[in-house]
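**Q** Before I ask anything, here is the structure I am working with.
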Amino acid sequence: DTGVSQNPRHKITKRGQNVTFRCDPISEHNRLYWYRQTLGQGPEFLTYFQNEAQLEKSRLLSDRFSAERPKGSFSTLEIQRTEQGDSAMYLCASGNANTEAFFGQGTRLTVV
Amino acid sequence: AQSVTQLGSHVSVSEGALVLLRCNYSSSVPPYLFWYVQYPNQGLQLLLKYTSAATLVKGINGFEAEFKKSETSFHLTKPSAHMSDAAEYFCAVSADTGGFKTIFGAGTRLFVKA
């Protein structure tokens with residue numbers, strides 16, 4: 001297992017466009033988290049999946065954001081009608097109840 | 001509710017000197033505490049974690065941290081800094097060992113001078 005994989009690593013998009021990011025967790029992990037990290041800040045929690053069920057969503061996750069984890073495997077995070085304020089690093093992490101969260105390398109989004 | 005405060009957004013040390021990065025937490029339940037390191041344009045890598053066993057926790061790369069309940073602190077130390085330690089360090093608190101509802105501090109950037 002090569003760890004948590006995120007694609008793409010970088011995305012530049014024009015304001016108003018939709019973007020989708022993918023996260024492939026460590027295969028035996030049933031928990032999956034999405035975080036957003038802006039420059040000079042720590043990661044902020046966005047949402048949490050236990051298997052395929054989305055159990056927690058932050059207030060940061062506006063209605064333009066949606067996340068899915070079909071079949072409890074990979075997850076996607078979609079941002080519709082992107083705004084410049086969405087520019088950030090989007091981090092995915094996976095884990096189990098008895099392990100810490102393992103993080104991917106992130107997807108850096110730049111909205112121009 | 002849980003929160004984390006990292007004292008000092010930037011810390012600069014000379015190579016070979018002691019590294020001390022400060023973290024104070026607030027938690028209404030017994031906390032699980034973590035230190036992560038992040039290199040530029042990379043994800044977070046776990047350095048060490050406290051899960052209510054030993055209060056002195058040893059991690060990777062020579063780092064260790066001590067959980068002090070009376071001071072609500074979990075400071076990170078390393079006896080001798082190396083140039084490769086230059087990075088951003090995040091303290092985090094969680095509701096369980098699995099990182100559920102992990103709250104991160106704002107981070108401390110460590111500079112190491114030759």
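Identifiers in this document derive from the order of the structure tokens: chains are assigned A, B, ..., residues are numbered from 1 separately in each chain, and ligands are numbered from 1 in order of occurrence.
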What residues in chain B have any atom no more than 12 Å from chain A when counting only C-alpha atoms, and can you write them as a CSV table (one decimal) with all heavy atoms, in the first residue's frame?

**A**
```
chain,number,residue,atom,x,y,z
B,3,SER,N,-9.9,22.8,21.5
B,3,SER,CA,-9.2,23.8,20.7
B,3,SER,C,-7.7,23.6,21.0
B,3,SER,O,-7.3,22.9,22.0
B,3,SER,CB,-9.6,25.2,21.1
B,3,SER,OG,-9.3,25.5,22.5
B,4,VAL,N,-6.9,24.2,20.2
B,4,VAL,CA,-5.4,24.1,20.3
B,4,VAL,C,-4.8,25.4,20.1
B,4,VAL,O,-5.2,26.1,19.1
B,4,VAL,CB,-4.8,23.1,19.3
B,4,VAL,CG1,-3.3,23.1,19.3
B,4,VAL,CG2,-5.3,21.7,19.6
B,5,THR,N,-3.9,25.8,20.9
B,5,THR,CA,-3.1,27.1,20.7
B,5,THR,C,-1.7,26.8,20.6
B,5,THR,O,-1.1,26.2,21.5
B,5,THR,CB,-3.4,28.0,21.9
B,5,THR,OG1,-4.8,28.3,22.0
B,5,THR,CG2,-2.6,29.3,21.6
B,6,GLN,N,-1.1,27.2,19.5
B,6,GLN,CA,0.4,27.0,19.4
B,6,GLN,C,1.0,28.4,19.6
B,6,GLN,O,0.7,29.4,18.9
B,6,GLN,CB,0.7,26.5,18.0
B,6,GLN,CG,0.3,25.0,17.8
B,6,GLN,CD,0.8,24.4,16.5
B,6,GLN,OE1,-0.1,24.0,15.7
B,6,GLN,NE2,2.1,24.4,16.3
B,9,SER,N,4.2,31.7,16.0
B,9,SER,CA,4.0,31.2,14.6
B,9,SER,C,5.4,30.9,13.9
B,9,SER,O,5.4,30.2,12.9
B,9,SER,CB,3.3,32.3,13.8
B,9,SER,OG,4.0,33.5,13.8
B,10,HIS,N,6.5,31.5,14.5
B,10,HIS,CA,7.8,31.2,13.9
B,10,HIS,C,8.8,31.0,15.0
B,10,HIS,O,8.7,31.7,16.0
B,10,HIS,CB,8.3,32.4,13.1
B,10,HIS,CG,7.4,32.7,11.9
B,10,HIS,ND1,6.3,33.4,11.9
B,10,HIS,CD2,7.6,32.3,10.6
B,10,HIS,CE1,5.7,33.5,10.7
B,10,HIS,NE2,6.5,32.8,9.9
B,32,TYR,N,-6.9,13.3,23.0
B,32,TYR,CA,-5.9,12.6,22.3
B,32,TYR,C,-5.1,13.7,21.5
B,32,TYR,O,-5.7,14.5,20.8
B,32,TYR,CB,-6.5,11.6,21.3
B,32,TYR,CG,-7.2,10.5,22.1
B,32,TYR,CD1,-8.6,10.6,22.3
B,32,TYR,CD2,-6.6,9.3,22.5
B,32,TYR,CE1,-9.3,9.6,23.0
B,32,TYR,CE2,-7.2,8.4,23.2
B,32,TYR,CZ,-8.6,8.5,23.5
B,32,TYR,OH,-9.2,7.5,24.2
B,33,LEU,N,-3.8,13.7,21.7
B,33,LEU,CA,-3.0,14.8,21.2
B,33,LEU,C,-2.0,14.3,20.1
B,33,LEU,O,-1.4,13.2,20.3
B,33,LEU,CB,-2.3,15.5,22.3
B,33,LEU,CG,-3.2,16.2,23.3
B,33,LEU,CD1,-2.5,16.4,24.6
B,33,LEU,CD2,-3.8,17.5,22.7
B,34,PHE,N,-1.7,15.1,19.2
B,34,PHE,CA,-0.9,14.7,18.1
B,34,PHE,C,0.1,15.9,17.7
B,34,PHE,O,-0.3,17.0,17.9
B,34,PHE,CB,-1.7,14.4,16.8
B,34,PHE,CG,-2.8,13.3,17.0
B,34,PHE,CD1,-4.0,13.7,17.5
B,34,PHE,CD2,-2.5,12.0,16.7
B,34,PHE,CE1,-5.0,12.7,17.8
B,34,PHE,CE2,-3.5,11.0,16.9
B,34,PHE,CZ,-4.8,11.4,17.4
B,35,TRP,N,1.2,15.5,17.2
B,35,TRP,CA,2.1,16.5,16.5
B,35,TRP,C,2.3,16.0,15.1
B,35,TRP,O,2.7,14.8,14.9
B,35,TRP,CB,3.4,16.7,17.2
B,35,TRP,CG,3.4,17.7,18.3
B,35,TRP,CD1,3.3,17.4,19.6
B,35,TRP,CD2,3.5,19.1,18.2
B,35,TRP,NE1,3.4,18.6,20.3
B,35,TRP,CE2,3.5,19.7,19.5
B,35,TRP,CE3,3.6,20.0,17.1
B,35,TRP,CZ2,3.6,21.0,19.7
B,35,TRP,CZ3,3.7,21.3,17.3
B,35,TRP,CH2,3.7,21.9,18.6
B,36,TYR,N,2.1,16.9,14.1
B,36,TYR,CA,2.3,16.5,12.7
B,36,TYR,C,3.4,17.5,12.2
B,36,TYR,O,3.5,18.7,12.6
B,36,TYR,CB,1.0,16.7,11.9
B,36,TYR,CG,0.0,15.6,12.0
B,36,TYR,CD1,-0.9,15.7,13.0
B,36,TYR,CD2,0.0,14.5,11.1
B,36,TYR,CE1,-1.9,14.7,13.1
B,36,TYR,CE2,-1.0,13.5,11.2
B,36,TYR,CZ,-1.9,13.6,12.3
B,36,TYR,OH,-2.9,12.6,12.4
B,37,VAL,N,4.1,17.1,11.2
B,37,VAL,CA,5.0,17.9,10.5
B,37,VAL,C,4.6,18.0,9.0
B,37,VAL,O,4.1,17.1,8.4
B,37,VAL,CB,6.5,17.4,10.6
B,37,VAL,CG1,6.6,16.0,9.9
B,37,VAL,CG2,7.5,18.4,9.9
B,38,GLN,N,4.8,19.2,8.4
B,38,GLN,CA,4.4,19.4,7.0
B,38,GLN,C,5.6,20.1,6.3
B,38,GLN,O,6.0,21.2,6.7
B,38,GLN,CB,3.1,20.2,6.9
B,38,GLN,CG,2.6,20.4,5.5
B,38,GLN,CD,1.3,21.1,5.4
B,38,GLN,OE1,1.1,22.1,6.1
B,38,GLN,NE2,0.5,20.7,4.5
B,39,TYR,N,6.1,19.5,5.3
B,39,TYR,CA,7.1,20.1,4.4
B,39,TYR,C,6.4,20.8,3.3
B,39,TYR,O,5.2,20.5,3.0
B,39,TYR,CB,8.1,19.1,3.9
B,39,TYR,CG,8.8,18.4,5.0
B,39,TYR,CD1,8.5,17.2,5.6
B,39,TYR,CD2,9.9,19.1,5.6
B,39,TYR,CE1,9.1,16.6,6.6
B,39,TYR,CE2,10.6,18.5,6.6
B,39,TYR,CZ,10.2,17.3,7.1
B,39,TYR,OH,10.9,16.7,8.2
B,40,PRO,N,7.0,21.8,2.6
B,40,PRO,CA,6.3,22.6,1.6
B,40,PRO,C,5.6,21.8,0.6
B,40,PRO,O,6.2,20.8,0.0
B,40,PRO,CB,7.5,23.4,1.0
B,40,PRO,CG,8.5,23.6,2.1
B,40,PRO,CD,8.4,22.3,2.9
B,41,ASN,N,4.4,22.1,0.3
B,41,ASN,CA,3.6,21.5,-0.7
B,41,ASN,C,3.4,20.0,-0.5
B,41,ASN,O,3.3,19.2,-1.5
B,41,ASN,CB,4.1,21.7,-2.1
B,41,ASN,CG,4.1,23.2,-2.5
B,41,ASN,OD1,3.1,23.8,-2.3
B,41,ASN,ND2,5.2,23.7,-3.0
B,42,GLN,N,3.4,19.6,0.7
B,42,GLN,CA,3.2,18.2,1.1
B,42,GLN,C,2.1,18.0,2.1
B,42,GLN,O,1.6,19.0,2.6
B,42,GLN,CB,4.5,17.6,1.7
B,42,GLN,CG,5.7,17.6,0.8
B,42,GLN,CD,5.6,16.7,-0.4
B,42,GLN,OE1,5.1,15.6,-0.2
B,42,GLN,NE2,6.0,17.2,-1.5
B,43,GLY,N,1.6,16.8,2.3
B,43,GLY,CA,0.6,16.5,3.3
B,43,GLY,C,1.3,16.5,4.6
B,43,GLY,O,2.5,16.9,4.8
B,44,LEU,N,0.5,16.1,5.6
B,44,LEU,CA,1.0,16.1,7.0
B,44,LEU,C,1.5,14.7,7.4
B,44,LEU,O,0.9,13.7,7.0
B,44,LEU,CB,-0.1,16.4,8.0
B,44,LEU,CG,-0.4,17.9,8.1
B,44,LEU,CD1,-1.0,18.5,6.9
B,44,LEU,CD2,-1.3,18.2,9.3
B,45,GLN,N,2.6,14.6,8.1
B,45,GLN,CA,3.2,13.4,8.5
B,45,GLN,C,3.2,13.4,10.0
B,45,GLN,O,3.6,14.3,10.7
B,45,GLN,CB,4.6,13.2,8.0
B,45,GLN,CG,5.3,12.0,8.5
B,45,GLN,CD,6.8,11.9,8.0
B,45,GLN,OE1,7.3,12.9,7.5
B,45,GLN,NE2,7.4,10.8,8.2
B,46,LEU,N,2.7,12.3,10.6
B,46,LEU,CA,2.6,12.2,12.1
B,46,LEU,C,4.0,12.0,12.7
B,46,LEU,O,4.8,11.2,12.3
B,46,LEU,CB,1.8,11.0,12.5
B,46,LEU,CG,1.6,10.8,14.0
B,46,LEU,CD1,0.6,11.8,14.5
B,46,LEU,CD2,1.1,9.4,14.3
B,47,LEU,N,4.3,12.9,13.7
B,47,LEU,CA,5.5,12.8,14.4
B,47,LEU,C,5.3,11.9,15.6
B,47,LEU,O,6.2,11.0,15.9
B,47,LEU,CB,6.0,14.2,14.9
B,47,LEU,CG,6.7,15.1,13.9
B,47,LEU,CD1,6.9,16.4,14.6
B,47,LEU,CD2,8.0,14.5,13.4
B,48,LEU,N,4.3,12.1,16.4
B,48,LEU,CA,4.0,11.4,17.6
B,48,LEU,C,2.5,11.6,18.0
B,48,LEU,O,1.9,12.6,17.5
B,48,LEU,CB,5.0,11.7,18.7
B,48,LEU,CG,5.2,13.2,19.0
B,48,LEU,CD1,4.1,13.8,19.9
B,48,LEU,CD2,6.5,13.4,19.7
B,49,LYS,N,2.1,10.8,18.9
B,49,LYS,CA,0.7,10.9,19.5
B,49,LYS,C,0.6,10.5,20.9
B,49,LYS,O,1.4,9.6,21.4
B,49,LYS,CB,-0.3,10.1,18.6
B,49,LYS,CG,0.0,8.6,18.6
B,49,LYS,CD,-1.0,7.9,17.8
B,49,LYS,CE,-0.8,6.4,17.7
B,49,LYS,NZ,-1.7,5.7,16.8
B,50,TYR,N,-0.2,11.1,21.6
B,50,TYR,CA,-0.5,10.8,23.0
B,50,TYR,C,-1.9,10.2,23.1
B,50,TYR,O,-2.9,10.9,22.7
B,50,TYR,CB,-0.4,12.0,23.9
B,50,TYR,CG,-1.0,11.8,25.3
B,50,TYR,CD1,-0.3,11.1,26.2
B,50,TYR,CD2,-2.3,12.3,25.6
B,50,TYR,CE1,-0.9,10.8,27.5
B,50,TYR,CE2,-2.9,12.0,26.8
B,50,TYR,CZ,-2.2,11.3,27.8
B,50,TYR,OH,-2.7,11.1,29.0
B,51,THR,N,-2.0,9.0,23.6
B,51,THR,CA,-3.3,8.3,23.7
B,51,THR,C,-3.6,7.8,25.1
B,51,THR,O,-4.2,6.7,25.2
B,51,THR,CB,-3.4,7.2,22.7
B,51,THR,OG1,-2.3,6.3,23.0
B,51,THR,CG2,-3.3,7.7,21.3
B,88,GLU,N,7.0,23.1,8.8
B,88,GLU,CA,5.8,23.6,9.6
B,88,GLU,C,5.4,22.5,10.5
B,88,GLU,O,5.2,21.3,10.1
B,88,GLU,CB,4.7,24.0,8.7
B,88,GLU,CG,3.5,24.7,9.4
B,88,GLU,CD,3.7,26.2,9.4
B,88,GLU,OE1,4.4,26.7,8.5
B,88,GLU,OE2,3.0,26.9,10.2
B,89,TYR,N,5.1,22.8,11.8
B,89,TYR,CA,4.7,21.8,12.8
B,89,TYR,C,3.3,22.2,13.3
B,89,TYR,O,3.0,23.3,13.7
B,89,TYR,CB,5.7,21.7,13.9
B,89,TYR,CG,7.0,21.1,13.5
B,89,TYR,CD1,7.9,21.9,12.8
B,89,TYR,CD2,7.3,19.8,13.7
B,89,TYR,CE1,9.2,21.4,12.4
B,89,TYR,CE2,8.5,19.3,13.3
B,89,TYR,CZ,9.4,20.1,12.6
B,89,TYR,OH,10.6,19.5,12.2
B,90,PHE,N,2.4,21.2,13.3
B,90,PHE,CA,1.1,21.4,13.8
B,90,PHE,C,0.8,20.5,15.0
B,90,PHE,O,1.0,19.3,15.0
B,90,PHE,CB,0.1,21.0,12.7
B,90,PHE,CG,0.1,22.0,11.5
B,90,PHE,CD1,0.9,21.6,10.4
B,90,PHE,CD2,-0.5,23.2,11.6
B,90,PHE,CE1,0.9,22.5,9.3
B,90,PHE,CE2,-0.5,24.1,10.5
B,90,PHE,CZ,0.3,23.7,9.4
B,91,CYS,N,0.2,21.1,16.0
B,91,CYS,CA,-0.3,20.4,17.2
B,91,CYS,C,-1.8,20.2,16.9
B,91,CYS,O,-2.5,21.0,16.3
B,91,CYS,CB,-0.1,21.2,18.4
B,91,CYS,SG,-0.6,20.4,19.9
B,92,ALA,N,-2.3,19.0,17.3
B,92,ALA,CA,-3.7,18.7,17.1
B,92,ALA,C,-4.3,18.0,18.3
B,92,ALA,O,-3.6,17.2,18.9
B,92,ALA,CB,-3.9,17.9,15.8
B,93,VAL,N,-5.6,18.1,18.4
B,93,VAL,CA,-6.4,17.4,19.5
B,93,VAL,C,-7.5,16.7,18.8
B,93,VAL,O,-8.1,17.2,17.9
B,93,VAL,CB,-6.8,18.4,20.6
B,93,VAL,CG1,-7.8,19.4,20.1
B,93,VAL,CG2,-7.5,17.6,21.7
B,94,SER,N,-7.8,15.5,19.3
B,94,SER,CA,-8.9,14.7,18.7
B,94,SER,C,-9.8,14.1,19.8
B,94,SER,O,-9.4,14.0,21.0
B,94,SER,CB,-8.3,13.7,17.8
B,94,SER,OG,-9.3,12.8,17.3
B,95,ALA,N,-10.9,13.7,19.4
B,95,ALA,CA,-11.9,13.1,20.3
B,95,ALA,C,-11.6,11.6,20.5
B,95,ALA,O,-12.1,11.0,21.4
B,95,ALA,CB,-13.3,13.2,19.8
B,96,ASP,N,-10.8,11.0,19.6
B,96,ASP,CA,-10.4,9.6,19.8
B,96,ASP,C,-9.1,9.3,19.2
B,96,ASP,O,-8.5,10.2,18.5
B,96,ASP,CB,-11.5,8.6,19.3
B,96,ASP,CG,-11.7,8.6,17.8
B,96,ASP,OD1,-10.8,9.2,17.1
B,96,ASP,OD2,-12.7,8.1,17.3
B,97,THR,N,-8.6,8.1,19.3
B,97,THR,CA,-7.3,7.8,18.7
B,97,THR,C,-7.3,7.8,17.2
B,97,THR,O,-6.2,7.9,16.6
B,97,THR,CB,-6.9,6.3,19.2
B,97,THR,OG1,-7.9,5.4,18.8
B,97,THR,CG2,-6.7,6.3,20.7
B,98,GLY,N,-8.4,7.7,16.6
B,98,GLY,CA,-8.5,7.6,15.2
B,98,GLY,C,-8.6,8.9,14.5
B,98,GLY,O,-8.9,9.0,13.3
B,99,GLY,N,-8.4,10.0,15.2
B,99,GLY,CA,-8.4,11.3,14.6
B,99,GLY,C,-9.8,11.9,14.3
B,99,GLY,O,-9.9,12.8,13.6
B,100,PHE,N,-10.8,11.3,15.0
B,100,PHE,CA,-12.1,11.8,14.7
B,100,PHE,C,-12.2,13.2,15.2
B,100,PHE,O,-11.9,13.5,16.4
B,100,PHE,CB,-13.1,10.9,15.4
B,100,PHE,CG,-14.6,11.3,15.2
B,100,PHE,CD1,-15.1,11.4,14.0
B,100,PHE,CD2,-15.3,11.7,16.3
B,100,PHE,CE1,-16.4,11.7,13.8
B,100,PHE,CE2,-16.7,12.0,16.2
B,100,PHE,CZ,-17.2,12.1,14.9
B,101,LYS,N,-12.8,14.1,14.4
B,101,LYS,CA,-13.0,15.5,14.8
B,101,LYS,C,-11.7,16.2,15.2
B,101,LYS,O,-11.6,16.9,16.2
B,101,LYS,CB,-14.0,15.7,15.8
B,101,LYS,CG,-15.4,15.3,15.4
B,101,LYS,CD,-16.5,15.7,16.4
B,101,LYS,CE,-17.9,15.5,15.9
B,101,LYS,NZ,-18.9,15.8,16.9
B,102,THR,N,-10.6,15.9,14.5
B,102,THR,CA,-9.3,16.5,14.9
B,102,THR,C,-9.3,18.0,14.6
B,102,THR,O,-9.7,18.4,13.6
B,102,THR,CB,-8.2,15.8,14.0
B,102,THR,OG1,-8.1,14.4,14.3
B,102,THR,CG2,-6.8,16.4,14.4
B,103,ILE,N,-8.8,18.7,15.6
B,103,ILE,CA,-8.7,20.2,15.5
B,103,ILE,C,-7.2,20.5,15.6
B,103,ILE,O,-6.5,20.0,16.4
B,103,ILE,CB,-9.4,20.9,16.7
B,103,ILE,CG1,-10.9,20.4,16.9
B,103,ILE,CG2,-9.3,22.4,16.6
B,103,ILE,CD1,-11.7,20.8,15.7
B,104,PHE,N,-6.8,21.3,14.6
B,104,PHE,CA,-5.4,21.6,14.4
B,104,PHE,C,-5.1,23.0,14.9
B,104,PHE,O,-6.0,23.9,14.8
B,104,PHE,CB,-5.0,21.5,13.0
B,104,PHE,CG,-4.9,20.2,12.4
B,104,PHE,CD1,-6.0,19.5,11.9
B,104,PHE,CD2,-3.6,19.5,12.4
B,104,PHE,CE1,-5.8,18.2,11.4
B,104,PHE,CE2,-3.5,18.2,11.9
B,104,PHE,CZ,-4.6,17.6,11.4
B,105,GLY,N,-3.9,23.2,15.4
B,105,GLY,CA,-3.5,24.6,15.7
B,105,GLY,C,-3.1,25.3,14.4
B,105,GLY,O,-3.1,24.7,13.4
B,106,ALA,N,-2.7,26.5,14.6
B,106,ALA,CA,-2.4,27.3,13.4
B,106,ALA,C,-1.0,27.0,12.8
B,106,ALA,O,-0.7,27.4,11.7
B,106,ALA,CB,-2.5,28.8,13.7
B,107,GLY,N,-0.2,26.3,13.6
B,107,GLY,CA,1.1,25.9,13.1
B,107,GLY,C,2.2,26.7,13.6
B,107,GLY,O,2.0,27.9,13.9
B,108,THR,N,3.4,26.2,13.7
B,108,THR,CA,4.6,26.9,14.0
B,108,THR,C,5.7,26.5,12.9
B,108,THR,O,6.0,25.3,12.7
B,108,THR,CB,5.2,26.5,15.4
B,108,THR,OG1,4.2,26.9,16.4
B,108,THR,CG2,6.5,27.2,15.6
B,109,ARG,N,6.2,27.5,12.3
B,109,ARG,CA,7.2,27.3,11.3
B,109,ARG,C,8.6,27.3,12.0
B,109,ARG,O,8.9,28.3,12.7
B,109,ARG,CB,7.2,28.3,10.2
B,109,ARG,CG,8.3,28.1,9.1
B,109,ARG,CD,8.0,28.8,7.8
B,109,ARG,NE,6.8,28.4,7.1
B,109,ARG,CZ,6.8,27.3,6.4
B,109,ARG,NH1,7.8,26.5,6.2
B,109,ARG,NH2,5.6,27.0,5.8
```

**Q** Find the spatial neighbours of segment 67-74 of chain B, counting only C-alpha atoms, within a cut-off of 7 Å - ignore same-chain residues fewer than 5 positions away - and output them as a list in words.

**A**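 What passes the distance filter is Cys23, Asn24, Tyr25, Ser26, Thr55 and Leu56 of chain B.
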
**Q** Compile the contact shell of Leu20 of chain B as a PyMOL selection string: residues with an atom at most 8 Å away, counting only C-alpha atoms, same-chain residues fewer than 2 positions apart removed.

**A** chain B and resi 18+22+75-78

**Q** Could the residues in this selection be saved with all heavy atoms as a tab-separated table (two decimals), in the first residue's frame?

**A**
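What landed in part_39.tsv:
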```tsv
chain	number	residue	atom	x	y	z
B	18	LEU	N	18.61	23.14	21.06
B	18	LEU	CA	17.34	22.54	21.49
B	18	LEU	C	16.17	23.14	20.71
B	18	LEU	O	16.09	24.35	20.51
B	18	LEU	CB	17.13	22.79	22.98
B	18	LEU	CG	15.77	22.41	23.56
B	18	LEU	CD1	15.63	20.89	23.63
B	18	LEU	CD2	15.55	23.05	24.92
B	22	ARG	N	5.75	25.03	21.38
B	22	ARG	CA	4.75	25.01	22.46
B	22	ARG	C	3.33	24.79	21.95
B	22	ARG	O	2.95	25.36	20.93
B	22	ARG	CB	4.82	26.30	23.25
B	22	ARG	CG	6.16	26.57	23.90
B	22	ARG	CD	6.19	27.91	24.60
B	22	ARG	NE	7.54	28.23	25.09
B	22	ARG	CZ	8.01	27.84	26.26
B	22	ARG	NH1	7.25	27.14	27.08
B	22	ARG	NH2	9.24	28.17	26.63
B	75	HIS	N	3.99	20.13	24.76
B	75	HIS	CA	5.08	20.77	24.03
B	75	HIS	C	5.97	19.75	23.34
B	75	HIS	O	6.25	18.67	23.88
B	75	HIS	CB	5.93	21.62	24.98
B	75	HIS	CG	5.18	22.69	25.69
B	75	HIS	ND1	4.06	23.30	25.16
B	75	HIS	CD2	5.38	23.25	26.92
B	75	HIS	CE1	3.60	24.21	26.01
B	75	HIS	NE2	4.39	24.20	27.08
B	76	LEU	N	6.46	20.11	22.18
B	76	LEU	CA	7.31	19.24	21.36
B	76	LEU	C	8.77	19.66	21.53
B	76	LEU	O	9.07	20.87	21.45
B	76	LEU	CB	6.91	19.37	19.89
B	76	LEU	CG	7.67	18.50	18.88
B	76	LEU	CD1	7.31	17.03	19.05
B	76	LEU	CD2	7.39	18.96	17.45
B	77	THR	N	9.66	18.70	21.74
B	77	THR	CA	11.06	19.02	21.90
B	77	THR	C	11.93	18.07	21.08
B	77	THR	O	11.53	16.96	20.73
B	77	THR	CB	11.50	18.94	23.38
B	77	THR	OG1	11.29	17.60	23.84
B	77	THR	CG2	10.74	19.92	24.24
B	78	LYS	N	13.13	18.57	20.80
B	78	LYS	CA	14.18	17.76	20.19
B	78	LYS	C	15.50	18.30	20.71
B	78	LYS	O	15.73	19.51	20.66
B	78	LYS	CB	14.13	17.82	18.67
B	78	LYS	CG	15.18	16.95	18.00
B	78	LYS	CD	15.01	16.91	16.49
B	78	LYS	CE	16.09	16.02	15.86
B	78	LYS	NZ	15.96	15.91	14.39
```

**Q** Just checking: using only C-alpha atoms, which residue out of A:Thr2, A:Thr38, A:Gln54, A:Asn7 ends up closest to Thr20 of chain A?

**A** A:Asn7

**Q** I'd like the neighbourhood of Ser28 of chain B as number ranges by chain, where a residue qualifies if any of its atoms comes within 9 Å (using only C-alpha atoms), though same-chain residues fewer than 3 positions away should be ignored.

**A** B: 1-2, 31

**Q** Filtering to N, CA and C atoms, could you give me those residues as a short mmCIF file (atom, residue, chain, number, x, y, z; two decimals), in the first residue's frame?

**A**
```cif
data_model
loop_
_atom_site.label_atom_id
_atom_site.label_comp_id
_atom_site.auth_asym_id
_atom_site.auth_seq_id
_atom_site.Cartn_x
_atom_site.Cartn_y
_atom_site.Cartn_z
N ALA B 1 -16.12 21.21 23.80
CA ALA B 1 -15.43 21.70 22.62
C ALA B 1 -13.91 21.57 22.84
N GLN B 2 -13.22 21.39 21.76
CA GLN B 2 -11.78 21.25 21.83
C GLN B 2 -11.11 22.36 21.03
N PRO B 31 -8.21 14.15 26.29
CA PRO B 31 -7.78 14.44 24.90
C PRO B 31 -6.86 13.38 24.33
#
```

**Q** Rounded to one decimal, what separation in Å do you get between atom CA of Gly16 of chain B and atom CA of Ala54 of chain B?

**A**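 If I compute the distance from atom CA of Gly16 of chain B to atom CA of Ala54 of chain B, I get 27.1 Å.
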
**Q** Identify, with DSSP run on backbone atoms, the residues in chain B assigned to strand (DSSP E), and express the list as an MDAnalysis selection string.

**A** chainID B and resid 3:7 10:14 19:26 32:38 44:50 56:58 64:68 73:78 87:94 103:104 108:113

**Q** Would you put the residues from that selection into a file with C-alpha atoms, as an mmCIF file, in the first residue's frame?

**A**
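Resulting contents of out30.cif:
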```cif
data_model
loop_
_atom_site.group_PDB
_atom_site.id
_atom_site.type_symbol
_atom_site.label_atom_id
_atom_site.label_comp_id
_atom_site.auth_asym_id
_atom_site.auth_seq_id
_atom_site.Cartn_x
_atom_site.Cartn_y
_atom_site.Cartn_z
ATOM 1 C CA SER B 3 -9.160 23.765 20.739
ATOM 2 C CA VAL B 4 -5.420 24.069 20.303
ATOM 3 C CA THR B 5 -3.143 27.068 20.701
ATOM 4 C CA GLN B 6 0.381 27.021 19.378
ATOM 5 C CA LEU B 7 2.539 29.717 20.900
ATOM 6 C CA HIS B 10 7.781 31.192 13.904
ATOM 7 C CA VAL B 11 10.654 29.689 15.862
ATOM 8 C CA SER B 12 14.293 29.988 14.829
ATOM 9 C CA VAL B 13 17.100 27.871 16.277
ATOM 10 C CA SER B 14 20.704 27.167 15.396
ATOM 11 C CA VAL B 19 14.022 22.706 19.681
ATOM 12 C CA LEU B 20 10.967 23.628 21.766
ATOM 13 C CA LEU B 21 7.586 24.124 20.115
ATOM 14 C CA ARG B 22 4.751 25.006 22.464
ATOM 15 C CA CYS B 23 1.206 23.716 22.368
ATOM 16 C CA ASN B 24 -1.668 24.220 24.796
ATOM 17 C CA TYR B 25 -4.986 22.515 24.398
ATOM 18 C CA SER B 26 -8.508 22.784 25.692
ATOM 19 C CA TYR B 32 -5.877 12.571 22.285
ATOM 20 C CA LEU B 33 -3.006 14.757 21.154
ATOM 21 C CA PHE B 34 -0.855 14.708 18.054
ATOM 22 C CA TRP B 35 2.064 16.497 16.495
ATOM 23 C CA TYR B 36 2.312 16.546 12.719
ATOM 24 C CA VAL B 37 5.039 17.932 10.451
ATOM 25 C CA GLN B 38 4.436 19.409 7.015
ATOM 26 C CA LEU B 44 0.990 16.063 7.004
ATOM 27 C CA GLN B 45 3.178 13.381 8.532
ATOM 28 C CA LEU B 46 2.603 12.162 12.059
ATOM 29 C CA LEU B 47 5.520 12.785 14.419
ATOM 30 C CA LEU B 48 3.975 11.364 17.580
ATOM 31 C CA LYS B 49 0.725 10.921 19.461
ATOM 32 C CA TYR B 50 -0.524 10.810 23.032
ATOM 33 C CA LEU B 56 6.276 11.251 27.731
ATOM 34 C CA VAL B 57 5.831 10.274 24.121
ATOM 35 C CA LYS B 58 8.701 9.549 21.776
ATOM 36 C CA GLU B 64 9.369 13.803 21.866
ATOM 37 C CA ALA B 65 6.526 15.505 23.692
ATOM 38 C CA GLU B 66 5.296 15.513 27.261
ATOM 39 C CA PHE B 67 1.631 15.582 28.197
ATOM 40 C CA LYS B 68 1.050 17.777 31.249
ATOM 41 C CA SER B 73 0.222 21.450 27.509
ATOM 42 C CA PHE B 74 1.818 19.110 25.007
ATOM 43 C CA HIS B 75 5.082 20.773 24.028
ATOM 44 C CA LEU B 76 7.312 19.243 21.361
ATOM 45 C CA THR B 77 11.062 19.021 21.895
ATOM 46 C CA LYS B 78 14.179 17.759 20.192
ATOM 47 C CA ALA B 87 9.288 22.673 8.347
ATOM 48 C CA GLU B 88 5.825 23.594 9.629
ATOM 49 C CA TYR B 89 4.679 21.809 12.768
ATOM 50 C CA PHE B 90 1.073 21.358 13.804
ATOM 51 C CA CYS B 91 -0.295 20.360 17.168
ATOM 52 C CA ALA B 92 -3.720 18.733 17.086
ATOM 53 C CA VAL B 93 -6.354 17.419 19.486
ATOM 54 C CA SER B 94 -8.901 14.741 18.733
ATOM 55 C CA ILE B 103 -8.712 20.160 15.549
ATOM 56 C CA PHE B 104 -5.408 21.615 14.425
ATOM 57 C CA THR B 108 4.649 26.875 13.984
ATOM 58 C CA ARG B 109 7.233 27.289 11.294
ATOM 59 C CA LEU B 110 10.655 26.109 12.436
ATOM 60 C CA PHE B 111 13.736 27.705 10.918
ATOM 61 C CA VAL B 112 17.136 26.095 11.489
ATOM 62 C CA LYS B 113 20.219 28.262 11.037
#
```
